[in-house]
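Undergrad: Quick one: this structure, given as structure tokens, is what I'll be asking you about.
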Amino acid sequence: MSRIEYRLPDTAATGRRYPRAAVPSRRTALAGLLTLAAGMLTACGSLQSETNKSSTALRAAKGSSSQYLQPGERTLTPSLTGTALTGDHIDIARWRGHVVVINVWGSWCAPCRQEAPELARLAKETRPLGVRFLGVDIRDSKTTAIAFEKDYGITYPSIFDPDSRSMLGFKSVAPRAVPTTYVLDRSGKVAALSIGPLTAREFLPII
């Protein structure tokens with residue numbers, strides 16, 4: 001499997017003050033996209049099974065790791081639907097034909113605050129290329145989430161998911177920590193995955 005991996009040092013978050021999440025005590029690295037379900041990044045929290053449907057353990061990630069899959073290695077076409085912070089209904093199945101970047105975040109998450117300006121920049125730069133951005137806001141209040149987007153200039157939609165259930169459609173690669181960012185190719189398959197804060201400079205080549 002071909003991989004492009006980055007690791008970034010942890011940095012202090014700045015900007016608007018939000019409730020802080022618990023920070024994990026240790027970190028594991030990505031060994032492969034489809035091995036996440038076997039227990040990687042469990043110290044950062046995990047998404048429970050679909051039958052349990054309880055994902056309150058998701059925590060902020062430490063560091064950063066990204067992986068790209070070649071076209072022949074892409075096997076998962078996830079589903080994702082929900083109601084945006086604006087009240088609009090979203091179904092990524094309607095976005096086939098576009099490259100789609102999905103970012104799982106929370107205003108309480110320090111790494112999410114760190115990467116928010118980078119995501120705003122990426123969304124603006126790649127829009128002319130037909131790239132669509134979508135956020136999934138978890139464990140948040142709607143008021144705080146909307147304030148977060150305003151503060152960081154986030155203009156693309158975000159599904160409001162306070163119970164952290166909407167990503168169950170990502171099955172074996174459902175998020176184990178936040179932020180987690182996915183890139184879906186034009187056929188809707190997972191083409192890349194990043195756990196932890198990302199930068200526009202490093203993530204743009206993956207998109």
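By convention here, the chains of the structure tokens are called A, B, ... in the order presented, each chain's residues are numbered starting at 1, and ligands are numbered starting at 1 in the order presented.
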Using DSSP on the backbone coordinates, identify all residues within stretch 106-162 of chain A classified as strand (DSSP E or B); present the result as an NGL selection string.
TA: :A and (131-138 or 158-161)
Undergrad: With DSSP run on the backbone, what are the helix (DSSP H, G or I) residues within stretch 75-188 of chain A? I'd like them as an MDAnalysis selection string.
TA: chainID A and resid 92:95 110:129 142:152 166:173
Undergrad: Report as an NGL selection string all protein, DNA and RNA residues lying within 12 Å of A:Val183, evaluated on only C-alpha atoms, omitting residues in the same chain fewer than 4 positions from it.
TA: :A and (66-69 or 74 or 76-78 or 98-104 or 131-135 or 187-195 or 203-207)
Undergrad: List as a compact mmCIF listing (two decimals) with all heavy atoms, in the first residue's frame the protein and nucleic acid residues near stretch 168-170 of chain A, meaning an atom at most 6 Å away when only C-alpha atoms are counted, but skip any in the same chain fewer than 3 places from it.
TA:
# COMPACT_ATOMS: atom_id res chain seq x y z
N PRO A 78 -18.35 5.08 1.92
CA PRO A 78 -19.14 5.30 3.14
C PRO A 78 -20.43 6.07 2.86
O PRO A 78 -20.58 6.72 1.83
CB PRO A 78 -18.19 6.13 4.00
CG PRO A 78 -17.36 6.89 3.01
CD PRO A 78 -17.19 5.96 1.85
N SER A 79 -21.34 5.98 3.82
CA SER A 79 -22.56 6.78 3.77
C SER A 79 -22.51 7.81 4.89
O SER A 79 -21.94 7.57 5.95
CB SER A 79 -23.79 5.88 3.94
OG SER A 79 -23.76 5.21 5.19
N LEU A 80 -23.11 8.96 4.63
CA LEU A 80 -23.15 10.02 5.64
C LEU A 80 -24.31 10.95 5.32
O LEU A 80 -24.35 11.57 4.25
CB LEU A 80 -21.84 10.80 5.65
CG LEU A 80 -21.78 12.04 6.56
CD1 LEU A 80 -22.04 11.66 8.02
CD2 LEU A 80 -20.43 12.74 6.43
N ARG A 165 -22.92 10.13 16.15
CA ARG A 165 -23.42 8.90 15.54
C ARG A 165 -23.38 8.90 14.02
O ARG A 165 -23.48 7.83 13.40
CB ARG A 165 -24.87 8.65 16.00
CG ARG A 165 -24.99 8.40 17.49
CD ARG A 165 -26.44 8.24 17.89
NE ARG A 165 -26.58 8.01 19.33
CZ ARG A 165 -27.74 7.91 19.95
NH1 ARG A 165 -28.87 8.04 19.27
NH2 ARG A 165 -27.79 7.70 21.25
N VAL A 173 -13.43 2.58 9.28
CA VAL A 173 -12.58 3.77 9.39
C VAL A 173 -13.31 4.92 10.06
O VAL A 173 -12.96 6.08 9.89
CB VAL A 173 -12.03 4.21 8.02
CG1 VAL A 173 -11.09 3.17 7.46
CG2 VAL A 173 -13.16 4.51 7.03
N ALA A 174 -14.35 4.61 10.85
CA ALA A 174 -15.03 5.64 11.63
C ALA A 174 -14.01 6.31 12.55
O ALA A 174 -13.03 5.69 12.96
CB ALA A 174 -16.16 5.02 12.44
Undergrad: Give me the residues near A:Thr199 as a ChimeraX atom specification, where near means some atom within 10 Å (using only C-alpha atoms) and where sequence neighbours in that chain fewer than 5 positions away do not count.
TA: /A:8,64,114-119,121-122,204
Undergrad: What separation in Å, quoted to one decimal, exists between atom CA of A:Lys142 and atom CA of A:Ser166?
TA: 15.8 Å
